[in-house]
Each structure stands twice: as structure tokens, then as C-alpha cells.
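Trainee: Structure provided below as C-alpha cells; questions to follow.
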Amino acid sequence: MRNKLMKNILLFCDTIVVDIVLNLTKHLVKQNYFVYLQCEKIDTKKRISNFLLKNNIEKNFEIICLHEYLLENYSTKFEEIDFLNFEKKYNCKLSDINISTSEFNIYHNFFKKYESKLDIEYHLSARILLIENFYNFYFKNTKIDFALVECRNHFNTISGILFFKKNNIPCYVPTSSIFKDYFSVNEVQDIKNPFLEENYLSKDFNLENIKELKKELDNISFKRSTNDREKNYLRNRFETLKRNIFNMIYNFIKYMLNYNKFSLIKNFYLGNIHPVDLLKSRINKRINYYFYKKKLNERSTFSKKKKCVFFLGLSPEASTYSQCNIFFDQRKVARFIALNLPNDYELIVKEHPSQYISSDGRNSNYYDEILSHYNIKLAKPEDKAIDLIKNSNFVITSTGSVGIETILLKKKLIMLGNNHYKIFKNLYKAENYSILKNIISELTEQKSEINTDKEQETEILKFLSSYKKSYFPGNIEIFYKKKFLSHDDYEFELEKISNSFLKIINKLISN
């Protein structure tokens with residue numbers, strides 16, 4: 001029988017984080033935590049069970065599988081009153097939830113087999129209610145002390161996020177760093193790093209090692225150009241694809257066979273794309289990339305004008321829709337910025353480096369709309385983000401680490417989205433288009449491009465010092481390096497991540 005005094009931990013355990021979470025589970029169980037391992041796929045549940053058996057972990061854990069629950073309960077009938085009660089209970093709109101999830105966009109773009117045969121609007125909302133029932137079934141009478149999810153707005157966890165919030169369960173999502181092999185966590189509800197907030201906003205903060213911090217600040221651009229986290233990530237993805245072409249074919253065939261095991265309605269609730277639509281999406285990605293390269297050739301030469309750089313967020317992507325708020329339509333944002341720039345400015349739009357890797361790209365009309373303004377140029381993929389920032393007069397972004405780099409490079413930053421570095425005192429926050437217009441006007445009318453006074457530099461050094469203290473050793477994207485590391489090296493990296501997660505969990509629970 002489980003000790004009621006035990007701390008309960010919920011860990012999302014599926015997709016690319018399985019190895020990390022399973023290794024962490026070994027340590028948590030040894031430290032007398034009770035661990036709930038939540039997976040989506042039934043195959044992942046088998047993998048988890050085999051791991052626990054192999055490592056002689058016989059107690060202090062429970063595996064809960066979402067797909068198992070959905071297959072058992074997908075025929076549950078919901079009435080309009082059920083949807084209204086859900087919205088009232090969680091103070092939300094189901095339509096907003098659907099729009100903010102990346103998979104929802106995939107449904108609209110590629111799930112044609114479902115649109116003609118299923119009531120998509122009903123089943124999307126019914127699925128959200130079912131997932132909420134899933135969490136209620138397991139945790140209604142259980143106090144969860146710490147929850148770790150992979151993505152705050154993932155299609156299969158958003159009902160859980162609402163449940164955690166309603167029940168005051170601390171919930172976090174891992175986040176990587178601009179520094180090599182360091183990571184931390186952000187609070188799901190407010191998208192803030194608790195350690196960064198604690199360090200940076202502390203009244204007792206003392207700025208130490210100023211000389212070292214200044215040296216590091218001067219080396220930020222060099223380190224970023226030689227250790228480009230996104231570039232390394234993409235290279236690993238490409239290399240993995242190259243080495244596994246036969247595995248890709250095998251996995252696609254396996255996917256087709258698995259898809260045919262279930263009815264259309266079951267596949268919908270399992271989030272499975274029809275194999276034909278999946279293949280079409282992959283072909284469509286290559287077509288989109290071809291036209292993207294053509295657009296680059298048309299408008300990628302910069303003039304000698306002053307520059308504002310706008311970094312696009314990944315799309316369709318849950319964080320882009322949820323964090324950008326009213327700025328989620330980035331075509332509209334780019335055109336609005338261009339319209340409000342003086343004649344001596346041009347707008348450089350930088351595509352997200354993962355747009356044609358982990359997403360399906362954008363159709364040519366997307367870039368046509370952006371480039372309809374004469375003063376907008378597209379940055380090439382080889383144009384490093386760090387160089388664009390250095391050569392800009394100011395930067396605008398919604399998500400991603402470029403905002404932190406802009407701060408550390410002493411450039412003016414307009415933040416459109418809701419990010420963990422929003423606590424920095426000297427950035428500009430645009431909550432709507434009217435405010436954005438006023439900020440652009442203020443920045444373009446300033447005679448001095450950069451405020452280099454001592455107070456400004458001290459604030460940046462304070463932010464850098466706080467940032468470094470808020471991150472822990474480990475590369476949470478280690479999965480993409482698995483094919484290139486020896487077994488011992490890979491296990492060593494997993495241990496490093498687990499040790500850091502233990503420190504994070506212990507710190508947050510003790511508070």
C-alpha cells in the first residue's frame with residue numbers, strides 16, 4: 001500500500017522525451033516519490049512497462065495511457081449542456097482551445113477523410129471533454145505535487161492543463177537555453193521561469209563577478225555564431241533523416257497497417273492522420289519549400305536603410321497561437337510593421353529555422369502577402385539570427401530565444417508574445433496593434449539607437465547573471481543526438497539531465 005505522505009509526481013512520457021523521463025523515474029522512485037507516467041500511445045505503455053521491469057522498479061509508480069482510455073470511452077455522448085458546463089467550469093471557450101492547438105490546424109489542412117464523414121466540430125470538443133474525464137478518473141482524489149508536460153498547449157494535454165490549473169497543481173514544461181547543454185522549466189500557466197523570476201526580481205540581489213559577466217556579454221555573439229543551438233538541432237534532424245530513410249519507409253508501412261486496425265472514428269480520437277493525407281502533407285511540404293526558395297531569390301537583398309527585424313514563429317504550432325495572442329497572424333503583423341516604418345527603414349523578415357523541418361512550411365501565397373510591401377525583405381536561411389540582430393536598429397519577435405539574445409546584445413526589443421523573459425525591465429511589450437504602432441514610432445524617432453548608459457548595462461548584466469543561475473546542466477534535445485553517441489555517452493547525458501531535473505523538482509516542491 002502506498003504511503004500517503006509520499007509526494008506525487010506526474011510526468012508526461014511519450015514522443016521524444018521517453019528516454020529522459022524513464023531515466024528520471026528511476027531516480028524519483030529511489031528518492032521515495034510516487035510517479036504517474038502518462039503516455040498517449042499503447043505501444044509507449046508497453047515500452048515503459050518493459051523498462052520498469054528491466055530496472056526492477058516494482059512499486060511507487062503507475063502508468064496511465066490516454067489512448068487506452070479514449071478507445072474505451074470514445075462513444076460517450078455529450079450534450080450541449082455538457083460543453084457549456086465545461087466552459088463555465090474552466091472559464092474558457094472550446095473554440096479558443098481548438099484554435100490554439102497545433103493539431104487542430106493539421107485537421108483543417110489535411111484531415112479531409114474526416115471532414116466529409118464526421119461532425120468535426122462536435123468530436124473535437126467531445127475529445128477535449130473526454131481527456132478532462134481521463135484526468136478526473138485518475139486524479140480526482142489524488143494530490144499531485146508536481147506535473148511536467150512536454151507542451152503547454154498540446155492537443156492531448158490541454159484539458160489536463162485546465163484541470164491542473166483548476167486544482168492548483170503546479171505544472172511545468174521544459175525549456176532549453178541559449179547556452180549549450182543547459183535547460184530549465186517554465187510555469188505552464190504564466191509562461192515564466194520561476195528561478196529567473198526569483199533571481200532577477202529579488203530585492204537582495206547582488207551583482208557578482210561583474211568582470212566575468214562583462215566578458216561573457218561581449219562573447220555572446222561569438223558563442224552564438226559558433227554554437228548555434230537551432231542550427232545544431234536542425235543538422236541532427238537532417239542527419240537522422242538521412243541515416244533512417246529505410247526506417248522511414250518501414251515506419252510509414254507500419255503506420256498504414258496500424259491505421260487499418262481501427263475504424264475512422266477511433267483513428268480520429270487517437271489523432272491519426274489518414275495515410276494518404278499524411279503522404280500528401282509530406283509532398284506538400286516539399287512543394288512549399290520549392291516556392292519559398294523562389295521567393296528568397298526575388299527579395300533577399302538588403303539595402304543600406306535602417307533595419308527592423310521580425311522573427312517569424314513556427315506555424316502551425318501550439319505555442320505560436322497561444323503565446324502570440326492577437327498577433328498570431330504573422331502575415332498581418334509583418335504588413336502592419338512595414339506600414340508604420342518610416343521611409344528610411346526596411347523590414348527584414350526571418351523565417352523560423354524549423355518551418356520546413358518539423359512543420360509543413362507555408363504556401364507561396366503566405367510570402368506573397370508579406371512581400372506585397374516594397375519595404376519588406378526576406379532573410380535567407382544562412383543569414384544568422386545573431387548577425388541580423390547585431391545589424392538591426394530594433395527587433396520584434398513573439399516566441400523563441402532571439403528575444404533573449406536581443407537583450408544581451410543591447411538592442412531594443414519589442415515583445416509581442418508572452419515569454420518567460422518578459423520580466424526584463426527594458427523591453428517593450430506590445431499588447432495590441434495600437435501599442436505596437438506607438439512603440440515603433442517611438443523607436444524610429446529616437447536619435448540614439450542604443451542606450452549605452454551604465455544603468456542600462458547594469459540591468460543587462462543583472463539579467464544575464466539571473467539567467468545563468470536559472471538553468472541547469474543537460475541537453476533536453478538529446479534524442480536527436482542519440483544516433484551519433486555511444487551507448488555510454490548517451491547514458492551519461494541522460495544522467496546529467498536526471499540530476500538536474502531532481503534539483504529542479506526538489507527546489508520547486510520545497511518552496
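A note on labels: chains of the C-alpha cells are A, B, ... as shown, every chain counts residues from 1, and ligands are counted from 1 in their shown order.
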So which residues touch Phe51 of chain A within 12 Å, counting only C-alpha atoms, skipping near sequence neighbours fewer than 4 positions away, as a ChimeraX atom specification?
Mentor: /A:18-19,21-23,25-26,44-47,55-58,63
Trainee: Would you save the residues of that selection, restricted to N, CA, C and O atoms, as a PDB file, in the first residue's frame?
Mentor:
```
ATOM      1  N   VAL A  18      10.749  10.182 -23.983  1.00  0.00           N
ATOM      2  CA  VAL A  18      10.593   8.926 -23.246  1.00  0.00           C
ATOM      3  C   VAL A  18      11.867   8.547 -22.487  1.00  0.00           C
ATOM      4  O   VAL A  18      11.829   8.244 -21.293  1.00  0.00           O
ATOM      5  N   ASP A  19      13.002   8.537 -23.173  1.00  0.00           N
ATOM      6  CA  ASP A  19      14.260   8.127 -22.524  1.00  0.00           C
ATOM      7  C   ASP A  19      14.574   9.011 -21.323  1.00  0.00           C
ATOM      8  O   ASP A  19      14.991   8.524 -20.269  1.00  0.00           O
ATOM      9  N   VAL A  21      12.489  10.834 -19.468  1.00  0.00           N
ATOM     10  CA  VAL A  21      11.523  10.661 -18.380  1.00  0.00           C
ATOM     11  C   VAL A  21      11.713   9.322 -17.661  1.00  0.00           C
ATOM     12  O   VAL A  21      11.629   9.250 -16.427  1.00  0.00           O
ATOM     13  N   LEU A  22      11.986   8.273 -18.416  1.00  0.00           N
ATOM     14  CA  LEU A  22      12.182   6.963 -17.788  1.00  0.00           C
ATOM     15  C   LEU A  22      13.426   6.959 -16.899  1.00  0.00           C
ATOM     16  O   LEU A  22      13.419   6.397 -15.804  1.00  0.00           O
ATOM     17  N   ASN A  23      14.495   7.579 -17.378  1.00  0.00           N
ATOM     18  CA  ASN A  23      15.703   7.643 -16.560  1.00  0.00           C
ATOM     19  C   ASN A  23      15.460   8.473 -15.296  1.00  0.00           C
ATOM     20  O   ASN A  23      15.925   8.131 -14.213  1.00  0.00           O
ATOM     21  N   THR A  25      12.609   8.763 -13.819  1.00  0.00           N
ATOM     22  CA  THR A  25      11.726   7.967 -12.960  1.00  0.00           C
ATOM     23  C   THR A  25      12.521   7.067 -12.022  1.00  0.00           C
ATOM     24  O   THR A  25      12.168   6.910 -10.843  1.00  0.00           O
ATOM     25  N   LYS A  26      13.596   6.464 -12.525  1.00  0.00           N
ATOM     26  CA  LYS A  26      14.453   5.622 -11.677  1.00  0.00           C
ATOM     27  C   LYS A  26      14.900   6.384 -10.435  1.00  0.00           C
ATOM     28  O   LYS A  26      14.859   5.874  -9.324  1.00  0.00           O
ATOM     29  N   THR A  44       3.757   2.883 -26.372  1.00  0.00           N
ATOM     30  CA  THR A  44       4.639   3.525 -25.395  1.00  0.00           C
ATOM     31  C   THR A  44       4.426   2.928 -24.012  1.00  0.00           C
ATOM     32  O   THR A  44       5.381   2.758 -23.241  1.00  0.00           O
ATOM     33  N   LYS A  45       3.189   2.576 -23.688  1.00  0.00           N
ATOM     34  CA  LYS A  45       2.907   1.944 -22.391  1.00  0.00           C
ATOM     35  C   LYS A  45       3.674   0.638 -22.264  1.00  0.00           C
ATOM     36  O   LYS A  45       4.239   0.337 -21.196  1.00  0.00           O
ATOM     37  N   LYS A  46       3.732  -0.131 -23.344  1.00  0.00           N
ATOM     38  CA  LYS A  46       4.483  -1.392 -23.326  1.00  0.00           C
ATOM     39  C   LYS A  46       5.971  -1.116 -23.133  1.00  0.00           C
ATOM     40  O   LYS A  46       6.653  -1.827 -22.393  1.00  0.00           O
ATOM     41  N   ARG A  47       6.455  -0.076 -23.793  1.00  0.00           N
ATOM     42  CA  ARG A  47       7.866   0.283 -23.667  1.00  0.00           C
ATOM     43  C   ARG A  47       8.195   0.694 -22.228  1.00  0.00           C
ATOM     44  O   ARG A  47       9.240   0.319 -21.689  1.00  0.00           O
ATOM     45  N   ASN A  55      14.555  -2.688 -15.003  1.00  0.00           N
ATOM     46  CA  ASN A  55      15.275  -1.980 -13.947  1.00  0.00           C
ATOM     47  C   ASN A  55      14.755  -2.324 -12.542  1.00  0.00           C
ATOM     48  O   ASN A  55      15.073  -1.629 -11.577  1.00  0.00           O
ATOM     49  N   ASN A  56      13.960  -3.390 -12.468  1.00  0.00           N
ATOM     50  CA  ASN A  56      13.455  -3.886 -11.181  1.00  0.00           C
ATOM     51  C   ASN A  56      12.706  -2.820 -10.379  1.00  0.00           C
ATOM     52  O   ASN A  56      12.822  -2.737  -9.150  1.00  0.00           O
ATOM     53  N   ILE A  57      11.964  -1.994 -11.079  1.00  0.00           N
ATOM     54  CA  ILE A  57      11.129  -0.995 -10.411  1.00  0.00           C
ATOM     55  C   ILE A  57       9.734  -1.592 -10.278  1.00  0.00           C
ATOM     56  O   ILE A  57       8.990  -1.707 -11.255  1.00  0.00           O
ATOM     57  N   GLU A  58       9.390  -1.994  -9.066  1.00  0.00           N
ATOM     58  CA  GLU A  58       8.165  -2.757  -8.854  1.00  0.00           C
ATOM     59  C   GLU A  58       7.063  -1.976  -8.144  1.00  0.00           C
ATOM     60  O   GLU A  58       5.930  -2.417  -8.078  1.00  0.00           O
ATOM     61  N   ILE A  63       1.250   3.661 -14.507  1.00  0.00           N
ATOM     62  CA  ILE A  63       1.226   4.082 -15.907  1.00  0.00           C
ATOM     63  C   ILE A  63      -0.218   4.362 -16.298  1.00  0.00           C
ATOM     64  O   ILE A  63      -1.102   3.517 -16.095  1.00  0.00           O
TER      65      ILE A  63
END
```
Trainee: Contacts of segment 71-83 of chain A at 12 Å or less, counting only C-alpha atoms, minus same-chain residues fewer than 4 places along, as a compact mmCIF listing (two decimals) with N, CA, C and O atoms, in the first residue's frame?
Mentor:
```txt
# COMPACT_ATOMS: atom_id res chain seq x y z
N GLU A 40 0.63 8.59 -24.21
CA GLU A 40 -0.50 8.65 -25.13
C GLU A 40 -0.72 7.29 -25.79
O GLU A 40 -1.79 6.73 -25.75
N LYS A 41 0.35 6.77 -26.39
CA LYS A 41 0.23 5.57 -27.22
C LYS A 41 0.31 4.29 -26.39
O LYS A 41 1.03 4.21 -25.41
N ILE A 42 -0.42 3.29 -26.85
CA ILE A 42 -0.41 1.98 -26.19
C ILE A 42 0.96 1.34 -26.34
O ILE A 42 1.45 0.67 -25.41
N CYS A 65 -2.52 5.52 -19.59
CA CYS A 65 -2.44 5.63 -21.04
C CYS A 65 -3.69 6.30 -21.61
O CYS A 65 -4.80 5.78 -21.47
N LEU A 66 -3.50 7.44 -22.24
CA LEU A 66 -4.62 8.21 -22.77
C LEU A 66 -5.36 7.47 -23.88
O LEU A 66 -6.59 7.43 -23.90
N HIS A 67 -4.63 6.88 -24.81
CA HIS A 67 -5.27 6.21 -25.94
C HIS A 67 -6.12 5.02 -25.48
O HIS A 67 -7.18 4.74 -26.06
N GLU A 87 -17.12 24.86 -20.27
CA GLU A 87 -16.64 26.22 -20.48
C GLU A 87 -16.83 27.06 -19.22
O GLU A 87 -15.96 27.88 -18.86
N LYS A 88 -17.95 26.86 -18.54
CA LYS A 88 -18.21 27.61 -17.31
C LYS A 88 -17.25 27.18 -16.21
O LYS A 88 -16.71 28.02 -15.47
N LYS A 89 -17.03 25.88 -16.10
CA LYS A 89 -16.16 25.33 -15.05
C LYS A 89 -14.74 25.85 -15.17
O LYS A 89 -14.10 26.20 -14.18
N TYR A 90 -14.23 25.91 -16.42
CA TYR A 90 -12.83 26.29 -16.63
C TYR A 90 -12.67 27.72 -17.17
O TYR A 90 -11.56 28.13 -17.51
N ASN A 91 -13.80 28.43 -17.25
CA ASN A 91 -13.76 29.82 -17.70
C ASN A 91 -13.02 29.94 -19.03
O ASN A 91 -12.02 30.68 -19.16
N CYS A 92 -13.47 29.21 -20.01
CA CYS A 92 -12.80 29.18 -21.32
C CYS A 92 -13.83 28.97 -22.42
O CYS A 92 -15.01 28.77 -22.15
N LYS A 93 -13.36 29.01 -23.65
CA LYS A 93 -14.19 28.70 -24.80
C LYS A 93 -13.57 27.54 -25.54
O LYS A 93 -12.38 27.54 -25.84
N LEU A 94 -14.38 26.55 -25.84
CA LEU A 94 -13.87 25.38 -26.56
C LEU A 94 -13.31 25.77 -27.92
O LEU A 94 -12.34 25.18 -28.40
N SER A 95 -13.91 26.76 -28.55
CA SER A 95 -13.43 27.20 -29.86
C SER A 95 -12.02 27.76 -29.76
O SER A 95 -11.17 27.52 -30.62
N GLU A 121 -16.63 19.47 -35.69
CA GLU A 121 -16.81 20.45 -34.62
C GLU A 121 -17.22 19.76 -33.32
O GLU A 121 -16.70 20.07 -32.24
N TYR A 122 -18.15 18.81 -33.43
CA TYR A 122 -18.60 18.09 -32.23
C TYR A 122 -17.48 17.25 -31.65
O TYR A 122 -17.19 17.29 -30.44
N HIS A 123 -16.83 16.46 -32.49
CA HIS A 123 -15.87 15.48 -31.99
C HIS A 123 -14.60 16.13 -31.43
O HIS A 123 -13.97 15.59 -30.51
N LEU A 124 -14.20 17.28 -31.98
CA LEU A 124 -13.06 17.99 -31.40
C LEU A 124 -13.36 18.40 -29.97
O LEU A 124 -12.54 18.23 -29.06
N SER A 125 -14.55 18.93 -29.76
CA SER A 125 -14.94 19.37 -28.41
C SER A 125 -15.19 18.17 -27.50
O SER A 125 -14.83 18.20 -26.32
N ALA A 126 -15.79 17.11 -28.05
CA ALA A 126 -16.05 15.92 -27.25
C ALA A 126 -14.73 15.29 -26.79
O ALA A 126 -14.62 14.81 -25.66
N ARG A 127 -13.74 15.35 -27.64
CA ARG A 127 -12.44 14.79 -27.30
C ARG A 127 -11.80 15.55 -26.13
O ARG A 127 -11.18 14.97 -25.25
N ILE A 128 -11.98 16.85 -26.13
CA ILE A 128 -11.46 17.67 -25.03
C ILE A 128 -12.12 17.28 -23.71
O ILE A 128 -11.46 17.14 -22.68
N LEU A 129 -13.43 17.08 -23.75
CA LEU A 129 -14.14 16.67 -22.54
C LEU A 129 -13.73 15.28 -22.08
O LEU A 129 -13.61 15.01 -20.88
N LEU A 130 -13.49 14.40 -23.04
CA LEU A 130 -13.06 13.05 -22.69
C LEU A 130 -11.69 13.06 -22.00
O LEU A 130 -11.45 12.31 -21.05
N ILE A 131 -10.80 13.90 -22.50
CA ILE A 131 -9.46 13.98 -21.91
C ILE A 131 -9.56 14.54 -20.49
O ILE A 131 -8.84 14.11 -19.59
N GLU A 132 -10.46 15.50 -20.30
CA GLU A 132 -10.68 16.02 -18.94
C GLU A 132 -11.20 14.90 -18.03
O GLU A 132 -10.78 14.78 -16.87
N ASN A 133 -12.09 14.07 -18.56
CA ASN A 133 -12.59 12.92 -17.80
C ASN A 133 -11.46 11.96 -17.44
O ASN A 133 -11.45 11.35 -16.37
N PHE A 134 -10.52 11.82 -18.36
CA PHE A 134 -9.35 10.95 -18.15
C PHE A 134 -8.57 11.41 -16.92
O PHE A 134 -8.23 10.60 -16.05
N PHE A 137 -10.61 10.91 -13.74
CA PHE A 137 -10.68 9.49 -13.38
C PHE A 137 -9.49 9.08 -12.51
O PHE A 137 -9.64 8.34 -11.54
N PHE A 262 -8.10 0.17 -36.90
CA PHE A 262 -9.17 0.89 -36.21
C PHE A 262 -10.17 1.48 -37.20
O PHE A 262 -9.85 1.70 -38.38
N SER A 263 -11.34 1.76 -36.71
CA SER A 263 -12.35 2.43 -37.52
C SER A 263 -11.97 3.90 -37.68
O SER A 263 -11.07 4.41 -37.00
N LEU A 264 -12.66 4.59 -38.58
CA LEU A 264 -12.38 6.00 -38.84
C LEU A 264 -12.55 6.84 -37.57
O LEU A 264 -11.69 7.67 -37.25
N ILE A 265 -13.63 6.61 -36.84
CA ILE A 265 -13.90 7.40 -35.64
C ILE A 265 -12.84 7.14 -34.57
O ILE A 265 -12.39 8.06 -33.86
N LYS A 266 -12.38 5.89 -34.44
CA LYS A 266 -11.33 5.57 -33.46
C LYS A 266 -10.02 6.24 -33.85
O LYS A 266 -9.32 6.78 -32.99
N ASN A 267 -9.70 6.22 -35.13
CA ASN A 267 -8.48 6.88 -35.59
C ASN A 267 -8.51 8.37 -35.31
O ASN A 267 -7.50 8.98 -34.99
N PHE A 268 -9.70 8.95 -35.44
CA PHE A 268 -9.83 10.37 -35.15
C PHE A 268 -9.49 10.66 -33.69
O PHE A 268 -8.73 11.57 -33.38
N TYR A 269 -10.06 9.85 -32.78
CA TYR A 269 -9.82 10.08 -31.36
C TYR A 269 -8.38 9.75 -30.96
O TYR A 269 -7.88 10.26 -29.96
N LEU A 270 -7.72 8.92 -31.74
CA LEU A 270 -6.31 8.62 -31.49
C LEU A 270 -5.40 9.65 -32.14
O LEU A 270 -4.18 9.60 -31.97
N GLY A 271 -5.98 10.59 -32.88
CA GLY A 271 -5.19 11.63 -33.52
C GLY A 271 -4.40 11.15 -34.72
O GLY A 271 -3.37 11.73 -35.06
```
Trainee: Could you write out, as a ChimeraX atom specification, all the residues of segment 212-433 of chain A that DSSP marks as helix (DSSP H, G or I)?
Mentor: /A:212-226,229-243,245-259,264-269,275-298,318-327,330-339,364-370,385-390,402-408,420-423,433
Trainee: Taking only C-alpha atoms into account, which of A:Ile389, A:Ala147, A:Leu378, A:Val333 comes nearest Ile220 of chain A?
Mentor: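 With only C-alpha atoms as the atom set, the closest residue is A:Ile389.
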Trainee: Please determine, counting only C-alpha atoms, which residue among A:Ala334, A:Ile326, A:Leu201, A:Ala379 has the shortest atom-to-atom distance to Glu351 of chain A.
Mentor: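 Result for the nearest residue to Glu351 of chain A: A:Ala379.
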Trainee: When you look at segment 486-502 of chain A with a cut-off of 8 Å (counting only C-alpha atoms), what residues show up, excluding the ones that are within fewer than 3 positions of it in the same chain? I need them as a PyMOL selection string.
Mentor: chain A and resi 19-20+23-24+27-28+472-476+478+482+505-506
Trainee: Mind dumping the selected residues with all heavy atoms as a CSV table (one decimal), in the first residue's frame?
Mentor:
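out04.csv, written as the output of this step:
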```
chain,number,residue,atom,x,y,z
A,19,ASP,N,13.0,8.5,-23.2
A,19,ASP,CA,14.3,8.1,-22.5
A,19,ASP,C,14.6,9.0,-21.3
A,19,ASP,O,15.0,8.5,-20.3
A,19,ASP,CB,15.4,8.2,-23.5
A,19,ASP,CG,15.3,7.1,-24.6
A,19,ASP,OD1,14.5,6.2,-24.4
A,19,ASP,OD2,16.1,7.2,-25.6
A,20,ILE,N,14.4,10.3,-21.5
A,20,ILE,CA,14.7,11.3,-20.4
A,20,ILE,C,13.8,11.0,-19.2
A,20,ILE,O,14.2,10.9,-18.1
A,20,ILE,CB,14.5,12.7,-20.9
A,20,ILE,CG1,15.6,13.1,-21.9
A,20,ILE,CG2,14.5,13.7,-19.7
A,20,ILE,CD1,15.4,14.5,-22.5
A,23,ASN,N,14.5,7.6,-17.4
A,23,ASN,CA,15.7,7.6,-16.6
A,23,ASN,C,15.5,8.5,-15.3
A,23,ASN,O,15.9,8.1,-14.2
A,23,ASN,CB,16.8,8.3,-17.4
A,23,ASN,CG,18.2,8.0,-16.8
A,23,ASN,OD1,18.7,6.8,-16.7
A,23,ASN,ND2,18.8,9.0,-16.2
A,24,LEU,N,14.7,9.5,-15.4
A,24,LEU,CA,14.4,10.4,-14.3
A,24,LEU,C,13.5,9.6,-13.3
A,24,LEU,O,13.7,9.7,-12.1
A,24,LEU,CB,13.6,11.6,-14.8
A,24,LEU,CG,13.0,12.5,-13.7
A,24,LEU,CD1,14.1,13.0,-12.7
A,24,LEU,CD2,12.2,13.7,-14.3
A,27,HIS,N,15.3,7.6,-10.6
A,27,HIS,CA,15.9,8.4,-9.5
A,27,HIS,C,14.7,8.9,-8.6
A,27,HIS,O,14.9,8.9,-7.4
A,27,HIS,CB,16.6,9.6,-10.1
A,27,HIS,CG,17.8,9.3,-10.9
A,27,HIS,ND1,19.0,9.0,-10.2
A,27,HIS,CD2,18.1,9.1,-12.2
A,27,HIS,CE1,20.0,8.8,-11.1
A,27,HIS,NE2,19.4,8.8,-12.3
A,28,LEU,N,13.6,9.2,-9.2
A,28,LEU,CA,12.5,9.7,-8.3
A,28,LEU,C,12.0,8.6,-7.4
A,28,LEU,O,11.7,8.8,-6.3
A,28,LEU,CB,11.4,10.2,-9.2
A,28,LEU,CG,11.6,11.6,-9.9
A,28,LEU,CD1,10.5,11.8,-11.0
A,28,LEU,CD2,11.6,12.7,-8.9
A,472,PHE,N,20.1,24.7,-15.8
A,472,PHE,CA,20.8,23.6,-15.2
A,472,PHE,C,21.4,22.7,-16.3
A,472,PHE,O,20.9,22.7,-17.4
A,472,PHE,CB,19.7,22.7,-14.4
A,472,PHE,CG,19.1,23.5,-13.3
A,472,PHE,CD1,18.0,24.4,-13.6
A,472,PHE,CD2,19.5,23.4,-12.0
A,472,PHE,CE1,17.4,25.1,-12.6
A,472,PHE,CE2,18.9,24.1,-11.0
A,472,PHE,CZ,17.8,24.9,-11.3
A,473,PRO,N,22.5,22.0,-16.0
A,473,PRO,CA,23.2,21.2,-17.0
A,473,PRO,C,22.3,20.1,-17.6
A,473,PRO,O,21.6,19.4,-16.9
A,473,PRO,CB,24.4,20.6,-16.2
A,473,PRO,CG,24.5,21.4,-15.0
A,473,PRO,CD,23.1,21.9,-14.6
A,474,GLY,N,22.5,20.0,-18.9
A,474,GLY,CA,21.7,18.9,-19.6
A,474,GLY,C,21.1,19.4,-20.9
A,474,GLY,O,20.7,20.6,-21.0
A,475,ASN,N,21.1,18.6,-21.9
A,475,ASN,CA,20.6,18.9,-23.3
A,475,ASN,C,19.3,18.1,-23.4
A,475,ASN,O,19.3,16.9,-23.7
A,475,ASN,CB,21.6,18.6,-24.4
A,475,ASN,CG,21.1,19.0,-25.7
A,475,ASN,OD1,19.9,19.3,-25.9
A,475,ASN,ND2,21.9,18.9,-26.7
A,476,ILE,N,18.1,18.8,-23.3
A,476,ILE,CA,16.9,18.1,-23.4
A,476,ILE,C,16.5,17.7,-24.8
A,476,ILE,O,15.5,17.1,-25.0
A,476,ILE,CB,15.7,18.9,-22.7
A,476,ILE,CG1,15.6,20.3,-23.3
A,476,ILE,CG2,15.9,19.0,-21.2
A,476,ILE,CD1,14.4,21.1,-22.8
A,478,ILE,N,18.5,15.8,-26.5
A,478,ILE,CA,19.4,14.7,-26.6
A,478,ILE,C,19.0,13.6,-27.6
A,478,ILE,O,19.7,12.9,-28.2
A,478,ILE,CB,19.8,14.2,-25.2
A,478,ILE,CG1,21.0,13.2,-25.4
A,478,ILE,CG2,18.7,13.4,-24.6
A,478,ILE,CD1,22.3,13.9,-25.8
A,482,LYS,N,21.0,10.9,-30.4
A,482,LYS,CA,21.1,9.5,-29.9
A,482,LYS,C,21.9,8.6,-31.0
A,482,LYS,O,22.7,7.8,-30.6
A,482,LYS,CB,19.7,8.9,-29.7
A,482,LYS,CG,19.7,7.5,-29.1
A,482,LYS,CD,18.3,7.1,-28.7
A,482,LYS,CE,18.4,5.7,-28.1
A,482,LYS,NZ,17.0,5.3,-27.7
A,505,ILE,N,13.0,19.7,-9.4
A,505,ILE,CA,11.8,19.3,-8.7
A,505,ILE,C,11.9,19.5,-7.2
A,505,ILE,O,10.9,20.0,-6.5
A,505,ILE,CB,11.5,17.8,-9.0
A,505,ILE,CG1,11.2,17.6,-10.5
A,505,ILE,CG2,10.4,17.2,-8.1
A,505,ILE,CD1,11.1,16.2,-11.0
A,506,ASN,N,13.0,19.1,-6.6
A,506,ASN,CA,13.2,19.3,-5.2
A,506,ASN,C,13.1,20.8,-4.7
A,506,ASN,O,12.5,21.1,-3.7
A,506,ASN,CB,14.5,18.7,-4.7
A,506,ASN,CG,14.5,17.2,-4.7
A,506,ASN,OD1,13.5,16.6,-4.6
A,506,ASN,ND2,15.7,16.6,-5.0
```
Trainee: Please report the interatomic distance between atom CA of Ile404 of chain A and atom CA of Ile178 of chain A in Å with one decimal.
Mentor: 8.0 Å
Trainee: Under the rule that only C-alpha atoms are counted, which of A:Tyr471, A:Phe195, A:Tyr114, A:Phe336 is the nearest residue to Asn375 of chain A?
Mentor: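 Ranking A:Tyr471, A:Phe195, A:Tyr114, A:Phe336 by distance to Asn375 of chain A, first place goes to A:Phe336.
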Trainee: Identify, on the basis of only C-alpha atoms, every residue whose closest approach to His352 of chain A does not exceed 6 Å; exclude the query and any residue fewer than 6 positions from it along the same chain; express the result as a PyMOL selection string.
Mentor: chain A and resi 312-314
